[in-house]
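K.L.:
Have a peek at query-v9.cif (mmCIF, C-alpha atoms and all ligand atoms).
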data_my_file
loop_
_atom_site.group_PDB
_atom_site.id
_atom_site.type_symbol
_atom_site.label_atom_id
_atom_site.label_comp_id
_atom_site.auth_asym_id
_atom_site.auth_seq_id
_atom_site.Cartn_x
_atom_site.Cartn_y
_atom_site.Cartn_z
ATOM 1 C CA MET A 1 50.651 -19.145 -19.777
ATOM 2 C CA GLN A 2 47.318 -20.508 -21.053
ATOM 3 C CA PHE A 3 44.122 -18.492 -20.641
ATOM 4 C CA ASP A 4 40.502 -19.516 -21.010
ATOM 5 C CA SER A 5 39.751 -16.360 -22.971
ATOM 6 C CA LYS A 6 41.445 -13.246 -24.258
ATOM 7 C CA THR A 7 40.046 -9.836 -24.968
ATOM 8 C CA ASN A 8 41.113 -6.355 -25.882
ATOM 9 C CA LEU A 9 38.820 -4.781 -23.297
ATOM 10 C CA LEU A 10 37.355 -6.369 -20.194
ATOM 11 C CA ILE A 11 34.433 -4.467 -18.718
ATOM 12 C CA LEU A 12 33.957 -5.642 -15.164
ATOM 13 C CA GLY A 13 30.344 -5.014 -14.209
ATOM 14 C CA SER A 14 26.989 -5.272 -15.972
ATOM 15 C CA GLY A 15 25.129 -2.480 -14.259
ATOM 16 C CA PRO A 16 24.100 0.711 -16.071
ATOM 17 C CA PHE A 17 27.694 1.842 -16.536
ATOM 18 C CA GLY A 18 29.029 -1.510 -17.775
ATOM 19 C CA LEU A 19 26.132 -1.991 -20.210
ATOM 20 C CA SER A 20 26.393 1.525 -21.506
ATOM 21 C CA LEU A 21 30.105 1.191 -22.037
ATOM 22 C CA SER A 22 29.646 -2.125 -23.801
ATOM 23 C CA ALA A 23 27.228 -0.458 -26.234
ATOM 24 C CA LEU A 24 29.761 2.279 -26.928
ATOM 25 C CA ALA A 25 32.636 -0.180 -27.347
ATOM 26 C CA SER A 26 30.603 -2.142 -29.903
ATOM 27 C CA HIS A 27 29.770 1.039 -31.754
ATOM 28 C CA LEU A 28 33.464 1.961 -31.901
ATOM 29 C CA GLY A 29 34.394 -1.527 -33.063
ATOM 30 C CA ILE A 30 36.314 -2.345 -29.897
ATOM 31 C CA GLU A 31 36.362 -6.059 -29.223
ATOM 32 C CA HIS A 32 35.428 -6.583 -25.583
ATOM 33 C CA LEU A 33 33.919 -8.820 -22.924
ATOM 34 C CA VAL A 34 31.502 -7.620 -20.296
ATOM 35 C CA VAL A 35 31.216 -9.673 -17.105
ATOM 36 C CA GLY A 36 28.886 -9.692 -14.104
ATOM 37 C CA GLN A 37 25.271 -10.502 -13.325
ATOM 38 C CA PRO A 38 23.249 -8.057 -15.443
ATOM 39 C CA MET A 39 21.710 -5.277 -13.335
ATOM 40 C CA GLU A 40 22.354 -7.365 -10.224
ATOM 41 C CA PHE A 41 22.276 -4.420 -7.836
ATOM 42 C CA TRP A 42 18.944 -3.296 -9.240
ATOM 43 C CA HIS A 43 17.448 -6.764 -8.883
ATOM 44 C CA LYS A 44 18.787 -7.679 -5.458
ATOM 45 C CA HIS A 45 19.521 -4.494 -3.540
ATOM 46 C CA MET A 46 16.863 -1.976 -4.458
ATOM 47 C CA PRO A 47 13.672 -1.750 -2.430
ATOM 48 C CA LYS A 48 10.599 -3.305 -3.950
ATOM 49 C CA GLY A 49 8.035 -0.652 -4.860
ATOM 50 C CA MET A 50 10.677 2.012 -5.394
ATOM 51 C CA TYR A 51 10.445 4.788 -7.951
ATOM 52 C CA LEU A 52 13.583 6.282 -9.454
ATOM 53 C CA ARG A 53 14.557 9.851 -8.798
ATOM 54 C CA SER A 54 15.898 9.929 -12.373
ATOM 55 C CA ALA A 55 13.614 10.592 -15.270
ATOM 56 C CA CYS A 56 13.537 9.309 -18.866
ATOM 57 C CA ASP A 57 16.670 11.208 -19.826
ATOM 58 C CA TRP A 58 18.708 8.864 -17.595
ATOM 59 C CA HIS A 59 18.899 6.221 -20.304
ATOM 60 C CA LEU A 60 21.701 3.819 -21.117
ATOM 61 C CA ASP A 61 22.457 4.550 -24.733
ATOM 62 C CA PRO A 62 25.474 6.760 -25.474
ATOM 63 C CA LEU A 63 24.188 6.918 -29.050
ATOM 64 C CA ASN A 64 20.767 8.197 -28.004
ATOM 65 C CA VAL A 65 18.925 5.542 -30.001
ATOM 66 C CA HIS A 66 17.742 2.945 -27.513
ATOM 67 C CA THR A 67 16.528 5.424 -24.974
ATOM 68 C CA ILE A 68 13.852 5.053 -22.324
ATOM 69 C CA GLU A 69 11.660 7.187 -24.542
ATOM 70 C CA ALA A 70 12.128 4.714 -27.406
ATOM 71 C CA PHE A 71 11.326 1.820 -25.069
ATOM 72 C CA ALA A 72 8.160 3.554 -23.905
ATOM 73 C CA LEU A 73 7.157 4.218 -27.519
ATOM 74 C CA VAL A 74 7.409 0.499 -28.314
ATOM 75 C CA GLN A 75 4.699 0.043 -25.716
ATOM 76 C CA GLY A 76 2.616 2.875 -27.129
ATOM 77 C CA LYS A 77 3.509 5.168 -24.225
ATOM 78 C CA THR A 78 5.071 8.585 -23.799
ATOM 79 C CA ASN A 79 7.542 9.830 -21.211
ATOM 80 C CA SER A 80 4.813 11.317 -19.086
ATOM 81 C CA ASP A 81 2.996 7.964 -19.055
ATOM 82 C CA VAL A 82 6.000 6.200 -17.539
ATOM 83 C CA GLU A 83 7.361 8.873 -15.186
ATOM 84 C CA PRO A 84 8.096 8.606 -12.371
ATOM 85 C CA LEU A 85 9.980 5.517 -13.477
ATOM 86 C CA SER A 86 9.257 2.461 -11.398
ATOM 87 C CA LEU A 87 12.041 0.077 -10.516
ATOM 88 C CA GLN A 88 10.290 -2.653 -12.497
ATOM 89 C CA PHE A 89 9.979 -0.462 -15.575
ATOM 90 C CA TYR A 90 13.636 0.503 -15.417
ATOM 91 C CA GLN A 91 14.660 -3.159 -15.072
ATOM 92 C CA SER A 92 12.584 -4.040 -18.156
ATOM 93 C CA TYR A 93 14.172 -1.158 -20.019
ATOM 94 C CA ALA A 94 17.671 -2.417 -19.166
ATOM 95 C CA GLU A 95 16.742 -5.889 -20.407
ATOM 96 C CA TRP A 96 15.347 -4.492 -23.659
ATOM 97 C CA PHE A 97 18.455 -2.352 -24.063
ATOM 98 C CA GLN A 98 20.682 -5.433 -23.809
ATOM 99 C CA GLN A 99 18.597 -7.221 -26.436
ATOM 100 C CA GLN A 100 18.655 -4.251 -28.803
ATOM 101 C CA LYS A 101 22.408 -3.870 -28.479
ATOM 102 C CA GLY A 102 23.145 -7.604 -28.492
ATOM 103 C CA ILE A 103 24.948 -7.377 -25.150
ATOM 104 C CA ILE A 104 25.418 -10.772 -23.535
ATOM 105 C CA PRO A 105 27.343 -10.407 -20.293
ATOM 106 C CA LEU A 106 29.362 -13.345 -19.034
ATOM 107 C CA ARG A 107 27.787 -14.151 -15.696
ATOM 108 C CA HIS A 108 31.063 -14.576 -13.878
ATOM 109 C CA LYS A 109 32.286 -13.097 -10.676
ATOM 110 C CA ILE A 110 35.836 -11.842 -10.934
ATOM 111 C CA GLU A 111 37.732 -12.692 -7.786
ATOM 112 C CA LYS A 112 41.176 -11.557 -8.736
ATOM 113 C CA LEU A 113 42.733 -9.101 -11.140
ATOM 114 C CA ASP A 114 46.478 -9.162 -11.664
ATOM 115 C CA HIS A 115 48.720 -7.197 -13.892
ATOM 116 C CA SER A 116 50.599 -9.655 -16.031
ATOM 117 C CA SER A 117 54.070 -8.424 -16.895
ATOM 118 C CA THR A 118 54.758 -11.355 -19.192
ATOM 119 C CA ASP A 119 51.667 -10.840 -21.315
ATOM 120 C CA ASN A 120 51.541 -7.077 -20.871
ATOM 121 C CA GLY A 121 47.925 -7.064 -19.825
ATOM 122 C CA PHE A 122 45.649 -8.031 -16.989
ATOM 123 C CA VAL A 123 44.643 -11.473 -15.860
ATOM 124 C CA ALA A 124 41.182 -11.743 -14.357
ATOM 125 C CA THR A 125 40.348 -14.913 -12.464
ATOM 126 C CA THR A 126 36.713 -15.893 -11.971
ATOM 127 C CA ASP A 127 35.212 -17.614 -8.922
ATOM 128 C CA LYS A 128 35.229 -20.855 -10.980
ATOM 129 C CA GLY A 129 38.944 -20.531 -11.586
ATOM 130 C CA ALA A 130 38.704 -19.531 -15.267
ATOM 131 C CA THR A 131 41.149 -16.905 -16.488
ATOM 132 C CA ILE A 132 40.693 -14.009 -18.895
ATOM 133 C CA LEU A 133 43.627 -12.154 -20.364
ATOM 134 C CA ALA A 134 42.699 -8.549 -21.085
ATOM 135 C CA SER A 135 44.780 -5.801 -22.667
ATOM 136 C CA ASN A 136 42.604 -3.160 -21.005
ATOM 137 C CA VAL A 137 40.169 -3.222 -18.127
ATOM 138 C CA VAL A 138 37.366 -0.911 -17.087
ATOM 139 C CA LEU A 139 36.063 -1.397 -13.576
ATOM 140 C CA ALA A 140 32.334 -0.777 -13.115
ATOM 141 C CA PRO A 141 31.483 -2.912 -10.072
ATOM 142 C CA GLY A 142 29.190 -0.315 -8.451
ATOM 143 C CA PHE A 143 29.080 0.560 -4.767
ATOM 144 C CA ARG A 144 27.611 -2.639 -3.350
ATOM 145 C CA HIS A 145 31.052 -3.605 -2.100
ATOM 146 C CA PHE A 146 31.214 -0.465 0.026
ATOM 147 C CA ALA A 147 28.157 -1.018 2.186
ATOM 148 C CA MET A 148 29.240 -0.733 5.784
ATOM 149 C CA VAL A 149 27.699 -0.960 9.212
ATOM 150 C CA PRO A 150 30.019 0.572 11.814
ATOM 151 C CA GLU A 151 31.594 -1.981 14.119
ATOM 152 C CA GLU A 152 30.738 0.099 17.167
ATOM 153 C CA LEU A 153 27.086 -0.397 16.390
ATOM 154 C CA MET A 154 27.358 -4.044 15.468
ATOM 155 C CA GLY A 155 28.802 -4.694 18.901
ATOM 156 C CA LEU A 156 25.735 -3.192 20.538
ATOM 157 C CA LEU A 157 22.950 -4.831 18.590
ATOM 158 C CA PRO A 158 21.719 -8.401 18.372
ATOM 159 C CA ALA A 159 22.739 -9.759 14.985
ATOM 160 C CA ALA A 160 19.277 -10.423 13.624
ATOM 161 C CA ARG A 161 17.911 -6.998 14.523
ATOM 162 C CA PHE A 162 19.595 -4.713 12.052
ATOM 163 C CA SER A 163 20.534 -4.565 8.404
ATOM 164 C CA HIS A 164 22.040 -2.239 5.904
ATOM 165 C CA THR A 165 19.472 -0.679 3.583
ATOM 166 C CA CYS A 166 21.282 -2.431 0.773
ATOM 167 C CA ASP A 167 20.058 -5.757 2.130
ATOM 168 C CA TYR A 168 16.696 -4.739 3.531
ATOM 169 C CA VAL A 169 14.655 -4.542 0.364
ATOM 170 C CA ASP A 170 11.590 -6.628 1.089
ATOM 171 C CA PHE A 171 9.117 -4.822 3.325
ATOM 172 C CA GLY A 172 6.769 -7.785 3.713
ATOM 173 C CA PRO A 173 7.517 -8.198 7.449
ATOM 174 C CA ALA A 174 7.293 -4.445 8.210
ATOM 175 C CA ARG A 175 3.677 -4.264 9.332
ATOM 176 C CA GLY A 176 3.414 -3.147 12.931
ATOM 177 C CA ARG A 177 7.161 -3.192 13.535
ATOM 178 C CA ARG A 178 9.154 -0.211 14.789
ATOM 179 C CA TYR A 179 12.236 0.969 12.959
ATOM 180 C CA LEU A 180 15.120 3.228 13.713
ATOM 181 C CA ILE A 181 16.944 4.378 10.586
ATOM 182 C CA ILE A 182 20.434 5.732 11.042
ATOM 183 C CA GLY A 183 21.532 7.967 8.210
ATOM 184 C CA GLY A 184 20.111 11.098 6.650
ATOM 185 C CA ARG A 185 20.368 10.941 2.916
ATOM 186 C CA GLN A 186 18.290 9.542 0.133
ATOM 187 C CA SER A 187 18.211 5.939 1.286
ATOM 188 C CA ALA A 188 17.226 6.890 4.825
ATOM 189 C CA PHE A 189 14.195 8.906 3.817
ATOM 190 C CA GLU A 190 13.228 6.629 0.984
ATOM 191 C CA TRP A 191 13.241 3.623 3.306
ATOM 192 C CA ALA A 192 11.286 5.589 5.925
ATOM 193 C CA ALA A 193 8.567 6.341 3.385
ATOM 194 C CA LEU A 194 8.460 2.795 2.038
ATOM 195 C CA LEU A 195 8.378 1.254 5.513
ATOM 196 C CA LEU A 196 5.467 3.482 6.491
ATOM 197 C CA GLU A 197 3.648 2.593 3.300
ATOM 198 C CA ALA A 198 4.210 -1.041 4.180
ATOM 199 C CA GLY A 199 2.477 -0.483 7.536
ATOM 200 C CA ALA A 200 5.396 -0.036 9.933
ATOM 201 C CA GLY A 201 4.224 0.926 13.432
ATOM 202 C CA ALA A 202 6.792 3.713 13.770
ATOM 203 C CA VAL A 203 9.823 4.951 11.910
ATOM 204 C CA HIS A 204 12.466 7.153 13.475
ATOM 205 C CA VAL A 205 15.357 8.640 11.576
ATOM 206 C CA SER A 206 18.580 9.684 13.248
ATOM 207 C CA HIS A 207 21.250 11.631 11.392
ATOM 208 C CA ARG A 208 23.855 14.312 11.762
ATOM 209 C CA PRO A 209 22.816 17.927 11.204
ATOM 210 C CA PHE A 210 22.372 18.694 7.517
ATOM 211 C CA GLN A 211 24.321 21.940 7.609
ATOM 212 C CA THR A 212 27.552 20.071 8.361
ATOM 213 C CA PRO A 213 29.366 19.636 5.057
ATOM 214 C CA HIS A 214 31.703 16.720 4.461
ATOM 215 C CA ALA A 215 34.361 18.731 6.162
ATOM 216 C CA SER A 216 36.629 16.054 7.462
ATOM 217 C CA SER A 217 37.474 12.530 6.541
ATOM 218 C CA VAL A 218 35.814 11.245 9.672
ATOM 219 C CA VAL A 219 32.277 12.240 10.444
ATOM 220 C CA GLU A 220 30.892 11.858 13.924
ATOM 221 C CA PHE A 221 27.349 10.625 14.158
ATOM 222 C CA GLN A 222 25.334 10.935 17.305
ATOM 223 C CA PHE A 223 22.415 8.822 18.234
ATOM 224 C CA ARG A 224 19.430 11.105 18.653
ATOM 225 C CA PRO A 225 16.161 9.339 19.186
ATOM 226 C CA ASN A 226 12.872 10.744 18.033
ATOM 227 C CA LEU A 227 14.086 13.012 15.281
ATOM 228 C CA ARG A 228 11.069 11.967 13.397
ATOM 229 C CA THR A 229 8.193 10.080 14.866
ATOM 230 C CA THR A 230 5.425 8.970 12.677
ATOM 231 C CA GLN A 231 2.160 7.227 13.261
ATOM 232 C CA LYS A 232 2.096 5.479 16.591
ATOM 233 C CA PRO A 233 3.996 7.141 19.416
ATOM 234 C CA LEU A 234 7.139 5.357 20.424
ATOM 235 C CA LYS A 235 6.536 3.023 23.302
ATOM 236 C CA THR A 236 10.192 2.453 23.516
ATOM 237 C CA PRO A 237 11.762 0.537 26.320
ATOM 238 C CA GLN A 238 14.000 2.670 28.473
ATOM 239 C CA THR A 239 17.012 0.812 27.280
ATOM 240 C CA LEU A 240 16.664 2.256 23.813
ATOM 241 C CA VAL A 241 15.864 5.816 24.761
ATOM 242 C CA SER A 242 18.721 5.996 27.176
ATOM 243 C CA TRP A 243 21.214 4.755 24.673
ATOM 244 C CA SER A 244 23.951 7.092 23.806
ATOM 245 C CA PHE A 245 26.787 6.265 21.521
ATOM 246 C CA ASN A 246 29.076 7.871 19.059
ATOM 247 C CA PHE A 247 30.530 6.133 16.125
ATOM 248 C CA SER A 248 32.409 7.253 13.142
ATOM 249 C CA LEU A 249 32.082 6.560 9.471
ATOM 250 C CA ARG A 250 34.615 7.144 6.862
ATOM 251 C CA ARG A 251 33.818 9.848 4.384
ATOM 252 C CA GLY A 252 31.992 9.005 1.217
ATOM 253 C CA LEU A 253 29.817 6.213 2.470
ATOM 254 C CA SER A 254 26.247 6.795 1.580
ATOM 255 C CA SER A 255 23.194 4.786 2.476
ATOM 256 C CA ALA A 256 21.708 4.067 5.797
ATOM 257 C CA PHE A 257 20.863 1.116 7.881
ATOM 258 C CA CYS A 258 17.778 0.087 9.750
ATOM 259 C CA VAL A 259 17.468 -1.166 13.278
ATOM 260 C CA VAL A 260 14.324 -3.105 13.965
ATOM 261 C CA TYR A 261 13.302 -2.952 17.599
HETATM 262 C C1 LIG B 301 17.750 3.005 -3.439
HETATM 263 C C2 LIG B 301 18.569 3.535 -4.578
HETATM 264 C C3 LIG B 301 17.955 4.296 -5.561
HETATM 265 C C4 LIG B 301 18.712 4.798 -6.621
HETATM 266 N N1 LIG B 301 18.072 5.525 -7.570
HETATM 267 C C5 LIG B 301 18.799 6.063 -8.560
HETATM 268 C C6 LIG B 301 18.184 6.874 -9.559
HETATM 269 O O1 LIG B 301 16.980 7.095 -9.551
HETATM 270 N N2 LIG B 301 18.983 7.392 -10.526
HETATM 271 C C7 LIG B 301 20.329 7.195 -10.543
HETATM 272 O O2 LIG B 301 21.007 7.731 -11.405
HETATM 273 N N3 LIG B 301 20.924 6.392 -9.647
HETATM 274 C C8 LIG B 301 20.195 5.855 -8.657
HETATM 275 N N4 LIG B 301 20.833 5.102 -7.720
HETATM 276 C C9 LIG B 301 22.264 4.876 -7.852
HETATM 277 C C10 LIG B 301 22.505 3.715 -8.808
HETATM 278 O O3 LIG B 301 22.188 2.512 -8.159
HETATM 279 C C11 LIG B 301 23.937 3.660 -9.222
HETATM 280 O O4 LIG B 301 24.311 4.936 -9.674
HETATM 281 C C12 LIG B 301 24.141 2.681 -10.376
HETATM 282 O O5 LIG B 301 23.608 1.413 -10.070
HETATM 283 C C13 LIG B 301 25.615 2.576 -10.628
HETATM 284 O O6 LIG B 301 25.754 1.719 -11.733
HETATM 285 P P1 LIG B 301 27.044 0.817 -11.904
HETATM 286 O O7 LIG B 301 26.948 0.201 -13.254
HETATM 287 O O8 LIG B 301 28.243 1.623 -11.586
HETATM 288 O O9 LIG B 301 26.962 -0.256 -10.733
HETATM 289 P P2 LIG B 301 25.876 -1.351 -10.345
HETATM 290 O O10 LIG B 301 24.534 -1.035 -10.848
HETATM 291 O O11 LIG B 301 26.032 -1.540 -8.874
HETATM 292 O O12 LIG B 301 26.378 -2.653 -11.092
HETATM 293 C C14 LIG B 301 27.539 -3.308 -10.697
HETATM 294 C C15 LIG B 301 27.747 -4.485 -11.614
HETATM 295 O O13 LIG B 301 29.032 -5.030 -11.308
HETATM 296 C C16 LIG B 301 28.925 -6.422 -11.121
HETATM 297 N N5 LIG B 301 30.015 -6.814 -10.234
HETATM 298 C C17 LIG B 301 30.340 -6.321 -9.021
HETATM 299 N N6 LIG B 301 31.421 -6.941 -8.529
HETATM 300 C C18 LIG B 301 31.780 -7.841 -9.468
HETATM 301 C C19 LIG B 301 32.823 -8.798 -9.548
HETATM 302 N N7 LIG B 301 33.714 -8.946 -8.579
HETATM 303 N N8 LIG B 301 32.900 -9.585 -10.650
HETATM 304 C C20 LIG B 301 32.022 -9.437 -11.655
HETATM 305 N N9 LIG B 301 31.022 -8.540 -11.626
HETATM 306 C C21 LIG B 301 30.915 -7.764 -10.552
HETATM 307 C C22 LIG B 301 27.542 -6.630 -10.563
HETATM 308 O O14 LIG B 301 27.107 -7.965 -10.768
HETATM 309 C C23 LIG B 301 26.764 -5.630 -11.422
HETATM 310 O O15 LIG B 301 26.481 -6.200 -12.658
HETATM 311 C C24 LIG B 301 20.100 4.566 -6.674
HETATM 312 C C25 LIG B 301 20.719 3.786 -5.687
HETATM 313 C C26 LIG B 301 19.980 3.286 -4.656
HETATM 314 C C27 LIG B 301 20.655 2.455 -3.589
#
Please go through the file and, once you have read it, give me the structure as structure tokens.
Ligand SMILES: Cc1cc2nc3c(=O)[nH]c(=O)nc-3n(C[C@H](O)[C@H](O)[C@H](O)COP(=O)(O)OP(=O)(O)OC[C@H]3O[C@@H](n4cnc5c(N)ncnc54)[C@H](O)[C@@H]3O)c2cc1C
P.N.:
Amino acid sequence: MQFDSKTNLLILGSGPFGLSLSALASHLGIEHLVVGQPMEFWHKHMPKGMYLRSACDWHLDPLNVHTIEAFALVQGKTNSDVEPLSLQFYQSYAEWFQQQKGIIPLRHKIEKLDHSSTDNGFVATTDKGATILASNVVLAPGFRHFAMVPEELMGLLPAARFSHTCDYVDFGPARGRRYLIIGGRQSAFEWAALLLEAGAGAVHVSHRPFQTPHASSVVEFQFRPNLRTTQKPLKTPQTLVSWSFNFSLRRGLSSAFCVVY
């Protein structure tokens, strides 16, 4: 069988993990290809205006050379000048890191990965139909593929009125609008803060009680309006307040989603 390219190691994903691994592979002299849109999740699915919870020590270089500290120094800055790290700063750091390490990801999307018994490796097929034969593969595609809005909820809401936090990253239209955020982890509270900063009329967050550990593989969520009311009081139509629904999420799914009403 003919292949468009061959490699010892295919790294699928050009986010922090893929880039970091590529740097290490180069250092160890391992011939490899890294594929994916560089830092795509950070460019397309992170909220504008966000600051990272990680500090300068969360850098990409396994060799501790091209660190965030080193990047800041190039600009005549220290760690304390750049912390908390803004999304924009971290994106620039990742770009600089790629330049320093000479990492040039192939901007392909892999649609299929097969084990090839004849060639004793893996065959990756891109969305353009090109094939890559790889002896080894590391998967680093991130968690974008796991974003989920429960079907029970989708059936209740008009399509244009809700989104997953993963896709709601531009708060331009937030001014004066009211939001219900379902979920109670980092994304939920981060979005609540950012929406308020962007002038949202009200933000309510609904989530399960915090003391409940991830005890079972199915977690029941209950809709509980008004857990947190900020700024303007909720002039909610009766229809919303009287809603009551249960839906389940499979374990391990983080993030939240917003309902605009
Ligand atoms: C709002 C928010 C804030 C966060 N803040 C922090 C923080 O401060 N600190 C922290 O440590 N973590 C933070 N995280 C988590 C962080 O986003 C992830 O830990 C990190 O992005 C994981 O890196 P990754 O390389 O595994 O995946 P990603 O960054 O998701 O990268 C995935 C890569 O895979 C590529 N890819 C995916 N599918 C394919 C395919 N089929 N073919 C080819 N390429 C593909 C993509 O193009 C991309 O290049 C935050 C997450 C969110 C949502």
K.L.:
What separation in Å, quoted to one decimal, exists between CA of Leu33 (chain A) and atom C12 of ligand LIG 301 (chain B)?
P.N.:
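Value for the CA of Leu33 (chain A)-atom C12 of ligand LIG 301 (chain B) distance: 19.6 Å.
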K.L.:
Would you kindly translate the PyMOL selection byres (((not hetatm)) within 7 of (chain B and resi 301)) into the concrete residues it picks from this file, as a PyMOL selection string?
P.N.:
chain A and resi 12-18+35-42+46-47+52-54+58+108-111+140-144+166+187+255
K.L.:
Have a look at CA of Ser116 (chain A) and CA of Ala130 (chain A) and let me know their distance in Å, one decimal.
P.N.:
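Atom-to-atom, CA of Ser116 (chain A) to CA of Ala130 (chain A), that is 15.5 Å.
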K.L.:
Evaluating the PyMOL selection byres (((chain A and resi 51) around 7) and not hetatm) on the displayed file yields which residues, as a VMD selection string?
P.N.:
chain A and resid 49 to 50 52 to 53 84 to 87
K.L.:
For Gln98 (chain A), find every residue with an atom within 12 Å (counting all atoms listed in the file), except residues of its own chain fewer than 5 positions away, and show them as number ranges by chain.
P.N.:
A: 14-16, 18-23, 34, 38-39, 60-61, 66-67, 71, 91-93, 103-105
K.L.:
From the set A:Asn120, A:Ser26, A:Ser206, A:Asn79, which residue has the shortest atom-to-atom contact distance to Asp57 (chain A), counting all atoms listed in the file?
P.N.:
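Ranked by minimum distance to Asp57 (chain A), first place goes to A:Asn79.
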K.L.:
Might you pull out every residue within 9 Å of Ala124 (chain A), with only C-alpha atoms counted and same-chain residues fewer than 2 positions away left off, and present them as a count of residues only?
P.N.:
14
K.L.:
Draw an axis-aligned box tight on the listed atoms of region 81-95 of chain A, then pad every side by 5 Å and write out centre and edge lengths in Å to one decimal as JSON.
P.N.:
{"center_x": 10.3, "center_y": 1.5, "center_z": -15.5, "size_x": 24.7, "size_y": 24.8, "size_z": 19.9}
K.L.:
Expressed in Å to a single decimal, how great is the separation between CA of Glu151 (chain A) and CA of Arg178 (chain A)?
P.N.:
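Straight-line distance from CA of Glu151 (chain A) to CA of Arg178 (chain A) works out to 22.5 Å.
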K.L.:
Under the rule that all atoms listed in the file are counted, which of A:Gln75, A:Asn136, A:Thr7, A:Thr165 is the nearest residue to Glu31 (chain A)?
P.N.:
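Of A:Gln75, A:Asn136, A:Thr7, A:Thr165, the one nearest Glu31 (chain A) is A:Thr7, counting all atoms listed in the file.
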K.L.:
Tell me which of A:Leu73, A:Ile182, A:Val123, A:Val169 sits closest to Val149 (chain A), counting all atoms listed in the file.
P.N.:
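So, comparing all the options, the nearest one is A:Ile182.
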K.L.:
Just checking: using all atoms listed in the file, which residue out of A:Tyr179, A:Tyr168, A:Phe97, A:Ala70 ends up closest to Ala202 (chain A)?
P.N.:
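Checking each of A:Tyr179, A:Tyr168, A:Phe97, A:Ala70 against Ala202 (chain A), counting all atoms listed in the file, the winner is A:Tyr179.
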K.L.:
Fix up region 96-107 of chain A with N, CA and C atoms, then write it as a PDB file, in the frame of the given file.
P.N.:
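Produced file out_37.pdb, reproduced below:
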ATOM      1  N   TRP A  96      15.621  -4.820 -22.248  1.00  0.00           N
ATOM      2  CA  TRP A  96      15.347  -4.492 -23.659  1.00  0.00           C
ATOM      3  C   TRP A  96      16.594  -3.884 -24.298  1.00  0.00           C
ATOM      4  N   PHE A  97      17.247  -2.999 -23.556  1.00  0.00           N
ATOM      5  CA  PHE A  97      18.455  -2.352 -24.063  1.00  0.00           C
ATOM      6  C   PHE A  97      19.515  -3.401 -24.427  1.00  0.00           C
ATOM      7  N   GLN A  98      19.682  -4.381 -23.533  1.00  0.00           N
ATOM      8  CA  GLN A  98      20.682  -5.433 -23.809  1.00  0.00           C
ATOM      9  C   GLN A  98      20.326  -6.201 -25.067  1.00  0.00           C
ATOM     10  N   GLN A  99      19.017  -6.485 -25.222  1.00  0.00           N
ATOM     11  CA  GLN A  99      18.597  -7.221 -26.436  1.00  0.00           C
ATOM     12  C   GLN A  99      18.862  -6.389 -27.688  1.00  0.00           C
ATOM     13  N   GLN A 100      18.483  -5.116 -27.628  1.00  0.00           N
ATOM     14  CA  GLN A 100      18.655  -4.251 -28.803  1.00  0.00           C
ATOM     15  C   GLN A 100      20.116  -4.133 -29.197  1.00  0.00           C
ATOM     16  N   LYS A 101      20.986  -4.072 -28.208  1.00  0.00           N
ATOM     17  CA  LYS A 101      22.408  -3.870 -28.479  1.00  0.00           C
ATOM     18  C   LYS A 101      23.169  -5.190 -28.625  1.00  0.00           C
ATOM     19  N   GLY A 102      22.470  -6.297 -28.396  1.00  0.00           N
ATOM     20  CA  GLY A 102      23.145  -7.604 -28.492  1.00  0.00           C
ATOM     21  C   GLY A 102      24.211  -7.783 -27.419  1.00  0.00           C
ATOM     22  N   ILE A 103      23.967  -7.238 -26.243  1.00  0.00           N
ATOM     23  CA  ILE A 103      24.948  -7.377 -25.150  1.00  0.00           C
ATOM     24  C   ILE A 103      24.635  -8.648 -24.362  1.00  0.00           C
ATOM     25  N   ILE A 104      25.614  -9.535 -24.306  1.00  0.00           N
ATOM     26  CA  ILE A 104      25.418 -10.772 -23.535  1.00  0.00           C
ATOM     27  C   ILE A 104      26.537 -10.867 -22.495  1.00  0.00           C
ATOM     28  N   PRO A 105      26.278 -10.368 -21.301  1.00  0.00           N
ATOM     29  CA  PRO A 105      27.343 -10.407 -20.293  1.00  0.00           C
ATOM     30  C   PRO A 105      27.680 -11.835 -19.885  1.00  0.00           C
ATOM     31  N   LEU A 106      28.950 -12.055 -19.600  1.00  0.00           N
ATOM     32  CA  LEU A 106      29.362 -13.345 -19.034  1.00  0.00           C
ATOM     33  C   LEU A 106      29.050 -13.285 -17.550  1.00  0.00           C
ATOM     34  N   ARG A 107      28.256 -14.242 -17.083  1.00  0.00           N
ATOM     35  CA  ARG A 107      27.787 -14.151 -15.696  1.00  0.00           C
ATOM     36  C   ARG A 107      28.818 -14.693 -14.720  1.00  0.00           C
TER      37      ARG A 107
END
